[in-house]
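Student: Have a look at this one.
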Amino acid sequence: MAEPHAVTYLVFIIFTGTAVLSTFALFTRQSLLVAYIVLGALFGPWGLKLINNPVFIKQVGNIGIIFLLFLLGLEMQPQSLFHSLRKMSVITVVSSLIFFAIGFLISFLFHYTWEQSCIIGIATMFSSTIIGIKLLPTTILHHQHTGALLISILLLQDVVAIIAIFIMEVMSTHTTDIMQLILFTSAIPVLLIVAYLFQRFLVTPLLARFDKIHEYIFILSIGWCLCMAQISHIFGLSDEIGAFIAGIALASNPIAFYIAESLKPLRDFFLVIFFFTIGASFNFEYFPDVILPAMALAGLILLIKPAVFKWLLHRSGEIPSVSQEIGVRLGQLSEFSLLLVYVAFETNLLPPLTVYMVEAAIILTFIASCYWIVLRYPTPLAVTDKLRRD
């Protein structure tokens, strides 16, 4: 029998189990993303224990997040980001303040400390870029007004999330060494400069010279992603920030669309692993202690986020149907929320029980939001032929 901690065993368990459960989900018209989370909970350390090494699961999940954020960065062209800052900045700022207040008040009412409530409030500000893009048909993503508005809001939220994670990492240093603090706080600008220089004078010329060798483009793209992740780690930041910057640096390249398309199978591979690890990493021993605040937080987010976005977009001049659809598609918490609380835990800003409460709320919003979207709007994973759009 294979070693229980081997990579091959993990991949076997995840994808064989996913194939079986996804088949059942399709026959019963359920969301595939929910199936991935349920499978993780079922097979993980607090389920059947088919995969019983939490550290190993977390490491594999981190690799998944690195590649997912790299691919998300490829979709986020700097020109679009600049346009979004002008068009959607007010909506993003106002909605983020409202969601922060909701997260803070709910947490404070459940007797979390002021500092913990602030971090939870920040975590509630963001919607899932992965769910937003994954459940958006490609035709809407690239050609329609709804997709442009959705991506604009997600772009701005992701920038805010990256800044929040960076600030949290700075706060956790607790260092009196001025030079070390300067080095740490200058990490993002340095990373951006390094990314620009390498992309401008090395990666782009190589892509242009060997653009007909598809295998080389694939290898160079992956190498670029992991290189920036490692540089980010050396500067004391998370690997994910480096991968995200690597994607954005390539986004303006004419070949970025081809890279994103060619890496779609890799994206889907790590998408399965990412959602599997969400379910597998949740410790059900804490479930009785966190379920009430998690349900309260998730319930309010699911109710208020769509309503807030609908109201703000309608006031900005969008038609009600578009405002409603965008609100529903953004009506959940985010993978950046997960990353934020994980960083807060690793830097001793949050205790484990608080992290599990937020993680439970995130899972609940993922499940409910996926159901809501696939049952009502066109998606590649819709449960009916009428709504299925690739």
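Chain labels run A, B, ... following the order of the structure tokens; each chain numbers its residues from 1, and ligands are numbered from 1 in the order shown.
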Show me, as a Markdown table, the residues of stretch 276-374 of chain A having an atom within 7 Å of stretch 112-133 of chain A, each with the closest atom pair and its distance in Å, using only C-alpha atoms.
Tutor:
| residue | atom | partner | partner_atom | distance |
| --- | --- | --- | --- | --- |
| A:Arg329 | CA | A:Gly132 | CA | 6.0 |
| A:Leu330 | CA | A:Ser127 | CA | 5.4 |
| A:Gly331 | CA | A:Ser127 | CA | 6.7 |
| A:Gln332 | CA | A:Ser127 | CA | 5.4 |
| A:Leu333 | CA | A:Ser127 | CA | 4.8 |
| A:Ser334 | CA | A:Ser128 | CA | 3.8 |
| A:Glu335 | CA | A:Ser128 | CA | 5.8 |
| A:Ser337 | CA | A:Ala123 | CA | 4.5 |
| A:Leu340 | CA | A:Ala123 | CA | 6.6 |
| A:Leu350 | CA | A:Gln116 | CA | 6.4 |
Student: Just the selected residues (N, CA and C atoms), exported as a PDB file, in the first residue's frame, please.
Tutor:
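See result-v5.pdb below for the written result:
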ATOM      1  N   ARG A 329     -23.379  37.304  -7.226  1.00  0.00           N
ATOM      2  CA  ARG A 329     -22.092  36.688  -7.560  1.00  0.00           C
ATOM      3  C   ARG A 329     -20.992  37.114  -6.587  1.00  0.00           C
ATOM      4  N   LEU A 330     -21.175  38.239  -5.911  1.00  0.00           N
ATOM      5  CA  LEU A 330     -20.185  38.711  -4.934  1.00  0.00           C
ATOM      6  C   LEU A 330     -20.638  38.473  -3.486  1.00  0.00           C
ATOM      7  N   GLY A 331     -21.688  37.694  -3.307  1.00  0.00           N
ATOM      8  CA  GLY A 331     -22.297  37.563  -1.986  1.00  0.00           C
ATOM      9  C   GLY A 331     -21.725  36.499  -1.094  1.00  0.00           C
ATOM     10  N   GLN A 332     -20.392  36.405  -1.001  1.00  0.00           N
ATOM     11  CA  GLN A 332     -19.741  35.428  -0.130  1.00  0.00           C
ATOM     12  C   GLN A 332     -18.443  36.015   0.416  1.00  0.00           C
ATOM     13  N   LEU A 333     -17.816  35.288   1.317  1.00  0.00           N
ATOM     14  CA  LEU A 333     -16.482  35.667   1.770  1.00  0.00           C
ATOM     15  C   LEU A 333     -15.452  35.158   0.764  1.00  0.00           C
ATOM     16  N   SER A 334     -14.173  35.372   1.050  1.00  0.00           N
ATOM     17  CA  SER A 334     -13.154  35.200   0.024  1.00  0.00           C
ATOM     18  C   SER A 334     -12.040  34.253   0.446  1.00  0.00           C
ATOM     19  N   GLU A 335     -11.338  33.711  -0.563  1.00  0.00           N
ATOM     20  CA  GLU A 335     -10.109  32.969  -0.283  1.00  0.00           C
ATOM     21  C   GLU A 335      -9.062  33.905   0.324  1.00  0.00           C
ATOM     22  N   SER A 337      -9.883  36.107   2.495  1.00  0.00           N
ATOM     23  CA  SER A 337     -10.277  36.089   3.910  1.00  0.00           C
ATOM     24  C   SER A 337      -9.584  34.939   4.628  1.00  0.00           C
ATOM     25  N   LEU A 340      -5.932  35.767   4.966  1.00  0.00           N
ATOM     26  CA  LEU A 340      -5.762  36.814   5.981  1.00  0.00           C
ATOM     27  C   LEU A 340      -5.754  36.217   7.387  1.00  0.00           C
ATOM     28  N   LEU A 350      -4.240  36.105  15.969  1.00  0.00           N
ATOM     29  CA  LEU A 350      -5.506  35.428  16.222  1.00  0.00           C
ATOM     30  C   LEU A 350      -5.256  34.062  16.849  1.00  0.00           C
TER      31      LEU A 350
END
Student: Within stretch 292-376 of chain A, find each residue whose DSSP state, derived from the backbone, is helix (DSSP H, G or I), and express the selection as JSON, numbers by chain.
Tutor: {"A": [292, 293, 294, 295, 296, 297, 298, 299, 300, 301, 302, 303, 304, 305, 306, 307, 308, 309, 310, 311, 312, 313, 314, 315, 320, 321, 322, 323, 324, 325, 326, 327, 328, 329, 335, 336, 337, 338, 339, 340, 341, 342, 343, 344, 345, 346, 352, 353, 354, 355, 356, 357, 358, 359, 360, 361, 362, 363, 364, 365, 366, 367, 368, 369, 370, 371, 372, 373, 374, 375, 376]}
Student: How many Å separate atom CA of A:Tyr9 from atom CA of A:Phe276?
Tutor: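 Taking atom CA of A:Tyr9 as the start and atom CA of A:Phe276 as the end point, the length is 14.5 Å.
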Student: Just the residues within 12 Å of A:Pro288, please, counting only C-alpha atoms, with nothing from its chain fewer than 3 positions along; format it as a ChimeraX atom specification.
Tutor: /A:283-285,291-295,353,356-357,360
Student: Since we have the selection now, will you write its residues out, keeping N, CA and C atoms, as a PDB file, in the first residue's frame?
Tutor:
ATOM      1  N   ASN A 283     -11.164  21.800  11.616  1.00  0.00           N
ATOM      2  CA  ASN A 283     -11.144  20.929  12.795  1.00  0.00           C
ATOM      3  C   ASN A 283     -12.538  20.880  13.409  1.00  0.00           C
ATOM      4  N   PHE A 284     -13.224  19.765  13.228  1.00  0.00           N
ATOM      5  CA  PHE A 284     -14.595  19.649  13.705  1.00  0.00           C
ATOM      6  C   PHE A 284     -14.687  19.536  15.228  1.00  0.00           C
ATOM      7  N   GLU A 285     -13.560  19.382  15.908  1.00  0.00           N
ATOM      8  CA  GLU A 285     -13.584  19.386  17.369  1.00  0.00           C
ATOM      9  C   GLU A 285     -14.009  20.751  17.910  1.00  0.00           C
ATOM     10  N   ILE A 291     -19.891  27.336  15.877  1.00  0.00           N
ATOM     11  CA  ILE A 291     -20.984  27.269  14.905  1.00  0.00           C
ATOM     12  C   ILE A 291     -21.943  28.456  15.029  1.00  0.00           C
ATOM     13  N   LEU A 292     -22.273  28.901  16.238  1.00  0.00           N
ATOM     14  CA  LEU A 292     -23.232  29.998  16.387  1.00  0.00           C
ATOM     15  C   LEU A 292     -22.702  31.320  15.817  1.00  0.00           C
ATOM     16  N   PRO A 293     -21.500  31.775  16.237  1.00  0.00           N
ATOM     17  CA  PRO A 293     -20.992  33.016  15.621  1.00  0.00           C
ATOM     18  C   PRO A 293     -20.730  32.859  14.126  1.00  0.00           C
ATOM     19  N   ALA A 294     -20.293  31.660  13.694  1.00  0.00           N
ATOM     20  CA  ALA A 294     -20.032  31.442  12.265  1.00  0.00           C
ATOM     21  C   ALA A 294     -21.317  31.531  11.454  1.00  0.00           C
ATOM     22  N   MET A 295     -22.394  30.933  11.961  1.00  0.00           N
ATOM     23  CA  MET A 295     -23.672  30.986  11.255  1.00  0.00           C
ATOM     24  C   MET A 295     -24.231  32.408  11.237  1.00  0.00           C
ATOM     25  N   LEU A 353      -9.132  29.193  17.849  1.00  0.00           N
ATOM     26  CA  LEU A 353     -10.589  29.140  17.892  1.00  0.00           C
ATOM     27  C   LEU A 353     -11.211  30.226  17.015  1.00  0.00           C
ATOM     28  N   TYR A 356     -10.846  29.235  13.332  1.00  0.00           N
ATOM     29  CA  TYR A 356     -11.822  28.218  12.925  1.00  0.00           C
ATOM     30  C   TYR A 356     -13.218  28.808  12.789  1.00  0.00           C
ATOM     31  N   MET A 357     -13.542  29.811  13.591  1.00  0.00           N
ATOM     32  CA  MET A 357     -14.841  30.456  13.450  1.00  0.00           C
ATOM     33  C   MET A 357     -14.952  31.141  12.088  1.00  0.00           C
ATOM     34  N   ALA A 360     -15.111  28.544   9.319  1.00  0.00           N
ATOM     35  CA  ALA A 360     -16.453  27.956   9.229  1.00  0.00           C
ATOM     36  C   ALA A 360     -17.410  28.898   8.508  1.00  0.00           C
TER      37      ALA A 360
END
Student: Suppose you want the space between atom CA of A:Lys264 and atom CA of A:Pro189; what is it in Å?
Tutor: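 Separation between atom CA of A:Lys264 and atom CA of A:Pro189: 29.5 Å.
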Student: Restricting the calculation to only C-alpha atoms, which member of A:Ile304, A:Leu364, A:Leu339, A:Leu50 is positioned closest to A:Glu169?
Tutor: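 Residue with the minimum atom-to-atom distance to A:Glu169: A:Leu339.
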Student: For A:Ala246, work out the shell of residues within 10 Å, counting only C-alpha atoms and skipping chain neighbours fewer than 2 positions away, then give it as a list in words.
Tutor: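 Skipping anything fewer than 2 positions along the chain leaves Leu69, Phe70, Leu71, Gly73, Leu74, Leu191, Leu192, Val194, Ala195, Tyr196, Phe198, Gln199, Ser221, Ile222, Trp224, Cys225, Leu226, Cys227, Met228, Ala229, Glu240, Ile241, Gly242, Ala243, Phe244, Ile248, Ala249, Leu250 and Ala251 of chain A.
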Student: With distances taken over only C-alpha atoms, which of A:Leu39, A:Ile362, A:Ile373, A:Leu105 is nearest to A:Gln324?
Tutor: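 Between A:Leu39, A:Ile362, A:Ile373, A:Leu105, the residue approaching A:Gln324 most closely is A:Ile373.
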Student: Given the choices A:Leu206, A:Ile51, A:Ile106, A:Leu97, which gets closest to A:Val308 if the distance is worked out from only C-alpha atoms?
Tutor: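 Looking only at the distances to A:Val308, the closest residue turns out to be A:Leu97.
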Student: Please measure the separation of atom CA of A:Val341 and atom CA of A:Val328, giving the value in Å to one decimal.
Tutor: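 Distance between the two atoms: 24.0 Å.
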Student: Determine, counting only C-alpha atoms, which protein, DNA and RNA residues have an atom within 12 Å of an atom of A:Ser22; residues of the same chain fewer than 5 positions away are not included. Present the result as a PDB file with N, CA and C atoms, in the first residue's frame.
Tutor:
ATOM      1  N   ILE A  14      -7.665  12.448  -3.586  1.00  0.00           N
ATOM      2  CA  ILE A  14      -8.415  13.653  -3.940  1.00  0.00           C
ATOM      3  C   ILE A  14      -9.173  13.466  -5.247  1.00  0.00           C
ATOM      4  N   PHE A  15      -8.475  13.016  -6.286  1.00  0.00           N
ATOM      5  CA  PHE A  15      -9.105  13.025  -7.606  1.00  0.00           C
ATOM      6  C   PHE A  15      -9.973  11.800  -7.871  1.00  0.00           C
ATOM      7  N   THR A  16      -9.651  10.670  -7.268  1.00  0.00           N
ATOM      8  CA  THR A  16     -10.566   9.538  -7.382  1.00  0.00           C
ATOM      9  C   THR A  16     -11.849   9.827  -6.610  1.00  0.00           C
ATOM     10  N   GLY A  17     -11.687  10.342  -5.395  1.00  0.00           N
ATOM     11  CA  GLY A  17     -12.859  10.709  -4.603  1.00  0.00           C
ATOM     12  C   GLY A  17     -13.668  11.804  -5.266  1.00  0.00           C
ATOM     13  N   PHE A  27     -25.474  14.168 -11.066  1.00  0.00           N
ATOM     14  CA  PHE A  27     -26.743  13.448 -11.172  1.00  0.00           C
ATOM     15  C   PHE A  27     -27.814  14.050 -10.272  1.00  0.00           C
ATOM     16  N   THR A  28     -27.390  14.579  -9.134  1.00  0.00           N
ATOM     17  CA  THR A  28     -28.352  15.160  -8.183  1.00  0.00           C
ATOM     18  C   THR A  28     -28.416  16.683  -8.297  1.00  0.00           C
ATOM     19  N   ARG A  29     -27.774  17.252  -9.349  1.00  0.00           N
ATOM     20  CA  ARG A  29     -27.813  18.682  -9.640  1.00  0.00           C
ATOM     21  C   ARG A  29     -27.272  19.522  -8.477  1.00  0.00           C
ATOM     22  N   GLN A  30     -26.109  19.118  -7.988  1.00  0.00           N
ATOM     23  CA  GLN A  30     -25.443  19.852  -6.921  1.00  0.00           C
ATOM     24  C   GLN A  30     -24.233  20.597  -7.483  1.00  0.00           C
ATOM     25  N   SER A  31     -23.727  21.556  -6.713  1.00  0.00           N
ATOM     26  CA  SER A  31     -22.562  22.332  -7.124  1.00  0.00           C
ATOM     27  C   SER A  31     -21.277  21.507  -6.969  1.00  0.00           C
ATOM     28  N   LEU A  32     -20.417  21.541  -8.000  1.00  0.00           N
ATOM     29  CA  LEU A  32     -19.159  20.797  -7.934  1.00  0.00           C
ATOM     30  C   LEU A  32     -18.221  21.386  -6.886  1.00  0.00           C
ATOM     31  N   LEU A  33     -18.198  22.709  -6.747  1.00  0.00           N
ATOM     32  CA  LEU A  33     -17.314  23.309  -5.753  1.00  0.00           C
ATOM     33  C   LEU A  33     -17.679  22.864  -4.347  1.00  0.00           C
ATOM     34  N   VAL A  34     -18.978  22.728  -4.088  1.00  0.00           N
ATOM     35  CA  VAL A  34     -19.415  22.225  -2.783  1.00  0.00           C
ATOM     36  C   VAL A  34     -18.967  20.779  -2.601  1.00  0.00           C
ATOM     37  N   ALA A  35     -19.018  19.998  -3.685  1.00  0.00           N
ATOM     38  CA  ALA A  35     -18.583  18.601  -3.609  1.00  0.00           C
ATOM     39  C   ALA A  35     -17.117  18.507  -3.207  1.00  0.00           C
ATOM     40  N   TYR A  36     -16.287  19.418  -3.712  1.00  0.00           N
ATOM     41  CA  TYR A  36     -14.868  19.392  -3.354  1.00  0.00           C
ATOM     42  C   TYR A  36     -14.673  19.637  -1.858  1.00  0.00           C
ATOM     43  N   ILE A  37     -15.401  20.617  -1.313  1.00  0.00           N
ATOM     44  CA  ILE A  37     -15.281  20.933   0.115  1.00  0.00           C
ATOM     45  C   ILE A  37     -15.773  19.771   0.964  1.00  0.00           C
ATOM     46  N   VAL A  38     -16.920  19.196   0.594  1.00  0.00           N
ATOM     47  CA  VAL A  38     -17.481  18.067   1.346  1.00  0.00           C
ATOM     48  C   VAL A  38     -16.525  16.880   1.321  1.00  0.00           C
ATOM     49  N   LEU A  39     -15.900  16.637   0.175  1.00  0.00           N
ATOM     50  CA  LEU A  39     -14.949  15.536   0.074  1.00  0.00           C
ATOM     51  C   LEU A  39     -13.766  15.748   1.014  1.00  0.00           C
ATOM     52  N   VAL A 272      -9.431  22.240  -7.518  1.00  0.00           N
ATOM     53  CA  VAL A 272      -9.932  21.070  -6.790  1.00  0.00           C
ATOM     54  C   VAL A 272      -9.178  20.898  -5.479  1.00  0.00           C
ATOM     55  N   LEU A 381     -20.796  25.640 -14.465  1.00  0.00           N
ATOM     56  CA  LEU A 381     -21.133  24.516 -13.604  1.00  0.00           C
ATOM     57  C   LEU A 381     -22.619  24.475 -13.268  1.00  0.00           C
ATOM     58  N   VAL A 383     -26.536  23.585 -13.011  1.00  0.00           N
ATOM     59  CA  VAL A 383     -27.133  22.249 -12.859  1.00  0.00           C
ATOM     60  C   VAL A 383     -28.168  21.966 -13.937  1.00  0.00           C
TER      61      VAL A 383
END
Student: At most 10 Å is the cut-off: for each residue in stretch 247-314 of chain A with any atom that close to an atom of stretch 365-369 of chain A, write down the nearest atom pair and the distance in Å rounded to one decimal, counting only C-alpha atoms, chain first then increasing number, as JSON lines.
Tutor:
{"residue": "A:Phe275", "atom": "CA", "partner": "A:Phe366", "partner_atom": "CA", "distance": 9.7}
{"residue": "A:Ala294", "atom": "CA", "partner": "A:Thr365", "partner_atom": "CA", "distance": 9.8}
{"residue": "A:Met295", "atom": "CA", "partner": "A:Thr365", "partner_atom": "CA", "distance": 9.2}
{"residue": "A:Leu297", "atom": "CA", "partner": "A:Thr365", "partner_atom": "CA", "distance": 9.3}
{"residue": "A:Ala298", "atom": "CA", "partner": "A:Thr365", "partner_atom": "CA", "distance": 5.7}
{"residue": "A:Gly299", "atom": "CA", "partner": "A:Thr365", "partner_atom": "CA", "distance": 7.8}
{"residue": "A:Leu300", "atom": "CA", "partner": "A:Thr365", "partner_atom": "CA", "distance": 9.9}
{"residue": "A:Ile301", "atom": "CA", "partner": "A:Thr365", "partner_atom": "CA", "distance": 7.7}
{"residue": "A:Leu302", "atom": "CA", "partner": "A:Thr365", "partner_atom": "CA", "distance": 6.5}
Student: Generate a file of the selected residues that holds C-alpha atoms, formatted as a PDB file, in the first residue's frame.
Tutor:
ATOM      1  CA  PHE A 275     -11.383  23.561  -2.089  1.00  0.00           C
ATOM      2  CA  ALA A 294     -20.032  31.442  12.265  1.00  0.00           C
ATOM      3  CA  MET A 295     -23.672  30.986  11.255  1.00  0.00           C
ATOM      4  CA  LEU A 297     -21.644  36.016  10.443  1.00  0.00           C
ATOM      5  CA  ALA A 298     -22.249  33.881   7.340  1.00  0.00           C
ATOM      6  CA  GLY A 299     -25.996  34.505   7.401  1.00  0.00           C
ATOM      7  CA  LEU A 300     -25.637  38.272   7.565  1.00  0.00           C
ATOM      8  CA  ILE A 301     -22.995  38.290   4.841  1.00  0.00           C
ATOM      9  CA  LEU A 302     -25.176  36.187   2.536  1.00  0.00           C
TER      10      LEU A 302
END
Student: So which one's closest to A:Leu154, A:Ile91, A:Pro351, A:Leu312, A:Asp268? Using only C-alpha atoms, please.
Tutor: A:Ile91
